Amino acid sequence: MKDLLSVTPAELEELILSVGEPKYRAGQMFPQLHKGLSPEEMTNVGKKTREKLAAVSEYHLPQVRRKLVSALDGTVKYLFELRDGHCVESVVMRYNHGNTICISSQVGCRMGCKFCASTIGGKVRDLIPGELLGQVIAAQKDLGERISNIVMMGIGEPLDNYDNVVKFLRLVAHPEGLNIGYRHISLSTCGVVSGIYKLAEEEFPITLSISLHAPDDETRSSIMPVNNRWGVDELLTACKDYYDKTGRRLSFEYTLIAGKNDTPEGASKLANVLNRHLRTRTTTMPIHVNLIPVNEVEETGFSRSSDEAVKAFAAVLEKRGIRATVRRKLGADINASCGQLRRAEQKAAEVTAETTGKTASEEA
């Protein structure tokens, strides 16, 4: 059975032709699917066509399992339930320039970053293109408002789900669909170097964000296992090559953890390594670092850096010619940061399983 939100217009034409209908039906249906209408809800296509399509395809939007709305800034956090019962998170943030949604790319994550709630329990599975797209459509439909920007910084590592993510990017930008331009999309990676090189060849004019979080291999490997595969030097070389190939700026995310990576000396090391790799005789790349005080998650034991430490770290970077901003925390009253709502649901399921005598996997 074909997933209707995962097919391109050309693939939808093939599907329509395969059930004996004229291919122009695809042009009627594709925009409707991306507005959140199932074939059964469409009024511009006859019942016979819809029945034929239903025999060879499926249409599923993520269902809202939980929805939290911040009383502080209007941020909306969704726990979406997928067709198989697994859950992912999406967060809609409101800005003057429009609504931005942060979406998930996998159920769970296998990258193992020590400070991240999303990776607790590991990776369950990849999301298909329609499940990526479905988060945007479902949130837009629930809110009754247009979403104009996307950040792929939710649960999962996008470049560990490369093919599905690339197809999603083509679908979400399609002019007959949601028509969200590539320049309004950011993709964050923990440093999957092979994926960065592949993405450069796609020549999407998106913004690539690198989750760096440490200035040297020893510190980074202790909190990000991916660094054991691709070290800091190899990662920053890939970043330079990406910029040279695409001309698109990159941003760097740096989570500040008290006593771990938040000292002025660490900031000086970070400035040195960024300037050495990204400001050379052949490349003068604009460098922007987003400083993010760590989200305190019970299982990690990490603590937020003090405001004074954050300011001191930023000041060192600025003095070295590197733009540094402290990310504003949105949805503080609803724990809007990635992975925490899903983790709470998992823990509740584990407690229920214990009291009923079932295993957690049986409960899921």
# chains A, B, ... in the order shown; residues from 1 in each chain; ligands from 1
$ residues_around --residues "Ala173 in chain A" --least-positions-apart "4" --cutoff "12 Å" --atoms "only C-alpha atoms" --output "list in words"
Thr8, His34, Leu133, Ser148, Asn149, Ile150, Val166, Lys167, Phe168, Leu169, Gly177, Leu178, Asn179, Ile180, Gly181, Tyr182, Arg183, His184, Ile185, Phe204, Pro205 and Ile206 of chain A
$ write_last_selection --atoms "C-alpha atoms" --output "PDB file, in the first residue's frame"
ATOM      1  CA  THR A   8       5.574  12.988  -5.519  1.00  0.00           C
ATOM      2  CA  HIS A  34      -1.189  18.425   1.515  1.00  0.00           C
ATOM      3  CA  LEU A 133       5.342  16.066   6.219  1.00  0.00           C
ATOM      4  CA  SER A 148       6.062  29.226   7.147  1.00  0.00           C
ATOM      5  CA  ASN A 149       9.354  27.915   8.561  1.00  0.00           C
ATOM      6  CA  ILE A 150      10.702  24.478   9.476  1.00  0.00           C
ATOM      7  CA  VAL A 166      15.643  14.418   1.218  1.00  0.00           C
ATOM      8  CA  LYS A 167      12.330  13.288  -0.259  1.00  0.00           C
ATOM      9  CA  PHE A 168      10.482  15.192   2.453  1.00  0.00           C
ATOM     10  CA  LEU A 169      12.410  18.364   1.584  1.00  0.00           C
ATOM     11  CA  GLY A 177       1.889  21.392  -1.835  1.00  0.00           C
ATOM     12  CA  LEU A 178       2.802  23.367   1.279  1.00  0.00           C
ATOM     13  CA  ASN A 179       5.219  25.450  -0.791  1.00  0.00           C
ATOM     14  CA  ILE A 180       7.599  26.187   2.084  1.00  0.00           C
ATOM     15  CA  GLY A 181      10.764  27.475   0.423  1.00  0.00           C
ATOM     16  CA  TYR A 182      14.112  25.831   1.083  1.00  0.00           C
ATOM     17  CA  ARG A 183      15.479  29.088   2.479  1.00  0.00           C
ATOM     18  CA  HIS A 184      12.897  28.805   5.242  1.00  0.00           C
ATOM     19  CA  ILE A 185      14.157  25.357   6.305  1.00  0.00           C
ATOM     20  CA  PHE A 204      19.310  22.582  -1.416  1.00  0.00           C
ATOM     21  CA  PRO A 205      19.483  26.245  -0.343  1.00  0.00           C
ATOM     22  CA  ILE A 206      18.630  25.302   3.241  1.00  0.00           C
TER      23      ILE A 206
END
$ closest_atom_pairs --of "range 8-62 of chain A" --to "range 112-131 of chain A" --cutoff "12 Å" --atoms "only C-alpha atoms" --output "CSV"
residue,atom,partner,partner_atom,distance
A:Thr8,CA,A:Pro129,CA,10.3
A:Leu33,CA,A:Gly130,CA,10.5
A:His34,CA,A:Gly130,CA,9.8
A:Gly36,CA,A:Gly130,CA,11.4
A:Glu58,CA,A:Gly130,CA,10.6
A:Tyr59,CA,A:Gly130,CA,8.9
A:His60,CA,A:Glu131,CA,8.2
A:Leu61,CA,A:Glu131,CA,7.4
A:Pro62,CA,A:Glu131,CA,7.1
$ write_last_selection --atoms "N, CA and C atoms" --output "PDB file, in the first residue's frame"
ATOM      1  N   THR A   8       5.443  11.765  -4.740  1.00  0.00           N
ATOM      2  CA  THR A   8       5.574  12.988  -5.519  1.00  0.00           C
ATOM      3  C   THR A   8       4.399  13.080  -6.498  1.00  0.00           C
ATOM      4  N   LEU A  33      -4.343  16.628  -0.588  1.00  0.00           N
ATOM      5  CA  LEU A  33      -3.651  15.770   0.381  1.00  0.00           C
ATOM      6  C   LEU A  33      -2.780  16.602   1.303  1.00  0.00           C
ATOM      7  N   HIS A  34      -2.115  17.607   0.737  1.00  0.00           N
ATOM      8  CA  HIS A  34      -1.189  18.425   1.515  1.00  0.00           C
ATOM      9  C   HIS A  34      -1.902  19.491   2.342  1.00  0.00           C
ATOM     10  N   GLY A  36      -4.301  18.413   4.205  1.00  0.00           N
ATOM     11  CA  GLY A  36      -4.776  17.590   5.310  1.00  0.00           C
ATOM     12  C   GLY A  36      -6.083  16.890   5.044  1.00  0.00           C
ATOM     13  N   GLU A  58      -2.787   4.348   1.281  1.00  0.00           N
ATOM     14  CA  GLU A  58      -3.197   4.723   2.634  1.00  0.00           C
ATOM     15  C   GLU A  58      -2.946   6.208   2.831  1.00  0.00           C
ATOM     16  N   TYR A  59      -3.734   6.805   3.702  1.00  0.00           N
ATOM     17  CA  TYR A  59      -3.525   8.210   4.062  1.00  0.00           C
ATOM     18  C   TYR A  59      -3.626   8.333   5.571  1.00  0.00           C
ATOM     19  N   HIS A  60      -2.526   8.722   6.200  1.00  0.00           N
ATOM     20  CA  HIS A  60      -2.507   8.841   7.656  1.00  0.00           C
ATOM     21  C   HIS A  60      -1.867  10.162   8.054  1.00  0.00           C
ATOM     22  N   LEU A  61      -2.568  10.955   8.825  1.00  0.00           N
ATOM     23  CA  LEU A  61      -1.962  12.103   9.486  1.00  0.00           C
ATOM     24  C   LEU A  61      -1.642  11.707  10.924  1.00  0.00           C
ATOM     25  N   PRO A  62      -0.540  12.211  11.482  1.00  0.00           N
ATOM     26  CA  PRO A  62      -0.289  11.975  12.903  1.00  0.00           C
ATOM     27  C   PRO A  62      -1.455  12.497  13.741  1.00  0.00           C
TER      28      PRO A  62
END
$ atom_distance --atom1 "CA of Glu218 in chain A" --atom2 "CA of Gly156 in chain A"
23.8 Å
$ residues_around --residues "range 301-317 of chain A" --least-positions-apart "3" --cutoff "9 Å" --atoms "only C-alpha atoms" --output "ChimeraX atom specification"
/A:114-115,256-260,262-268,270-271,289,291-298,320-326
$ write_last_selection --atoms "N, CA and C atoms" --output "tab-separated table (two decimals), in the first residue's frame"
chain	number	residue	atom	x	y	z
A	114	LYS	N	24.91	12.56	25.29
A	114	LYS	CA	24.69	12.34	26.73
A	114	LYS	C	23.72	13.32	27.36
A	115	PHE	N	23.54	14.49	26.75
A	115	PHE	CA	22.70	15.53	27.35
A	115	PHE	C	21.29	15.53	26.80
A	256	LEU	N	25.70	24.51	26.53
A	256	LEU	CA	26.59	24.82	27.65
A	256	LEU	C	26.21	24.00	28.87
A	257	ILE	N	27.16	23.18	29.34
A	257	ILE	CA	26.95	22.30	30.47
A	257	ILE	C	27.89	22.73	31.59
A	258	ALA	N	27.33	23.01	32.75
A	258	ALA	CA	28.12	23.52	33.87
A	258	ALA	C	29.27	22.57	34.21
A	259	GLY	N	30.48	23.14	34.25
A	259	GLY	CA	31.65	22.36	34.62
A	259	GLY	C	32.17	21.42	33.57
A	260	LYS	N	31.55	21.41	32.39
A	260	LYS	CA	31.94	20.47	31.35
A	260	LYS	C	32.55	21.17	30.15
A	262	ASP	N	31.92	24.93	29.54
A	262	ASP	CA	31.42	26.30	29.58
A	262	ASP	C	32.41	27.32	30.13
A	263	THR	N	33.70	27.00	30.15
A	263	THR	CA	34.68	27.93	30.70
A	263	THR	C	35.17	28.91	29.65
A	264	PRO	N	35.72	30.06	30.05
A	264	PRO	CA	36.33	30.98	29.09
A	264	PRO	C	37.45	30.32	28.29
A	265	GLU	N	38.18	29.41	28.93
A	265	GLU	CA	39.23	28.69	28.22
A	265	GLU	C	38.64	27.83	27.10
A	266	GLY	N	37.49	27.22	27.40
A	266	GLY	CA	36.81	26.44	26.37
A	266	GLY	C	36.34	27.30	25.23
A	267	ALA	N	35.87	28.52	25.55
A	267	ALA	CA	35.43	29.45	24.52
A	267	ALA	C	36.60	29.86	23.63
A	268	SER	N	37.75	30.07	24.23
A	268	SER	CA	38.95	30.43	23.45
A	268	SER	C	39.36	29.28	22.54
A	270	LEU	N	37.33	27.05	21.33
A	270	LEU	CA	36.31	26.98	20.28
A	270	LEU	C	36.58	28.03	19.21
A	271	ALA	N	36.92	29.24	19.62
A	271	ALA	CA	37.23	30.29	18.66
A	271	ALA	C	38.44	29.90	17.80
A	289	VAL	N	27.50	31.20	16.30
A	289	VAL	CA	27.34	30.15	17.31
A	289	VAL	C	26.11	30.46	18.15
A	291	LEU	N	24.40	29.66	21.46
A	291	LEU	CA	24.70	29.11	22.78
A	291	LEU	C	23.39	28.70	23.45
A	292	ILE	N	23.35	27.45	23.95
A	292	ILE	CA	22.11	26.89	24.48
A	292	ILE	C	22.39	26.32	25.87
A	293	PRO	N	22.01	27.00	26.93
A	293	PRO	CA	22.13	26.39	28.26
A	293	PRO	C	21.41	25.04	28.28
A	294	VAL	N	22.08	24.02	28.78
A	294	VAL	CA	21.55	22.66	28.68
A	294	VAL	C	20.19	22.53	29.35
A	295	ASN	N	19.33	21.75	28.75
A	295	ASN	CA	18.06	21.40	29.38
A	295	ASN	C	18.33	20.30	30.41
A	296	GLU	N	17.93	20.55	31.62
A	296	GLU	CA	18.23	19.59	32.69
A	296	GLU	C	17.27	18.41	32.60
A	297	VAL	N	17.83	17.24	32.30
A	297	VAL	CA	17.07	16.00	32.17
A	297	VAL	C	17.51	15.07	33.30
A	298	GLU	N	16.56	14.51	34.00
A	298	GLU	CA	16.85	13.71	35.20
A	298	GLU	C	17.91	12.64	34.96
A	320	ARG	N	36.75	37.43	19.64
A	320	ARG	CA	37.54	36.75	18.60
A	320	ARG	C	36.86	36.83	17.24
A	321	GLY	N	35.86	37.68	17.09
A	321	GLY	CA	35.23	37.89	15.79
A	321	GLY	C	34.18	36.87	15.40
A	322	ILE	N	33.67	36.13	16.39
A	322	ILE	CA	32.64	35.12	16.13
A	322	ILE	C	31.32	35.59	16.74
A	323	ARG	N	30.30	35.70	15.90
A	323	ARG	CA	29.00	36.13	16.40
A	323	ARG	C	28.41	35.04	17.30
A	324	ALA	N	27.99	35.43	18.48
A	324	ALA	CA	27.43	34.48	19.44
A	324	ALA	C	26.11	35.03	19.97
A	325	THR	N	25.09	34.19	19.95
A	325	THR	CA	23.80	34.57	20.52
A	325	THR	C	23.36	33.47	21.48
A	326	VAL	N	22.68	33.87	22.53
A	326	VAL	CA	22.13	32.91	23.48
A	326	VAL	C	20.71	32.62	23.06
$ closest_residue --among "A:Pro39, A:Asn44, A:Met1, A:Val165" --to "Tyr24 in chain A" --atoms "only C-alpha atoms"
A:Asn44
$ closest_residue --among "A:Asp233, A:Glu21, A:Glu14, A:Asp333" --to "Glu51 in chain A" --atoms "only C-alpha atoms"
A:Glu21
$ residues_around --residues "Ala238 in chain A" --least-positions-apart "3" --cutoff "7 Å" --atoms "only C-alpha atoms" --output "list in words"
Val193, Ile196, Tyr197, Glu234, Leu235, Asp241 and Tyr242 of chain A
$ closest_residue --among "A:Lys198, A:Arg170, A:Arg281, A:Arg249" --to "Ser6 in chain A" --atoms "only C-alpha atoms"
A:Arg170
$ closest_residue --among "A:Arg220, A:Ser194, A:Thr207, A:Arg327" --to "Glu253 in chain A" --atoms "only C-alpha atoms"
A:Arg327
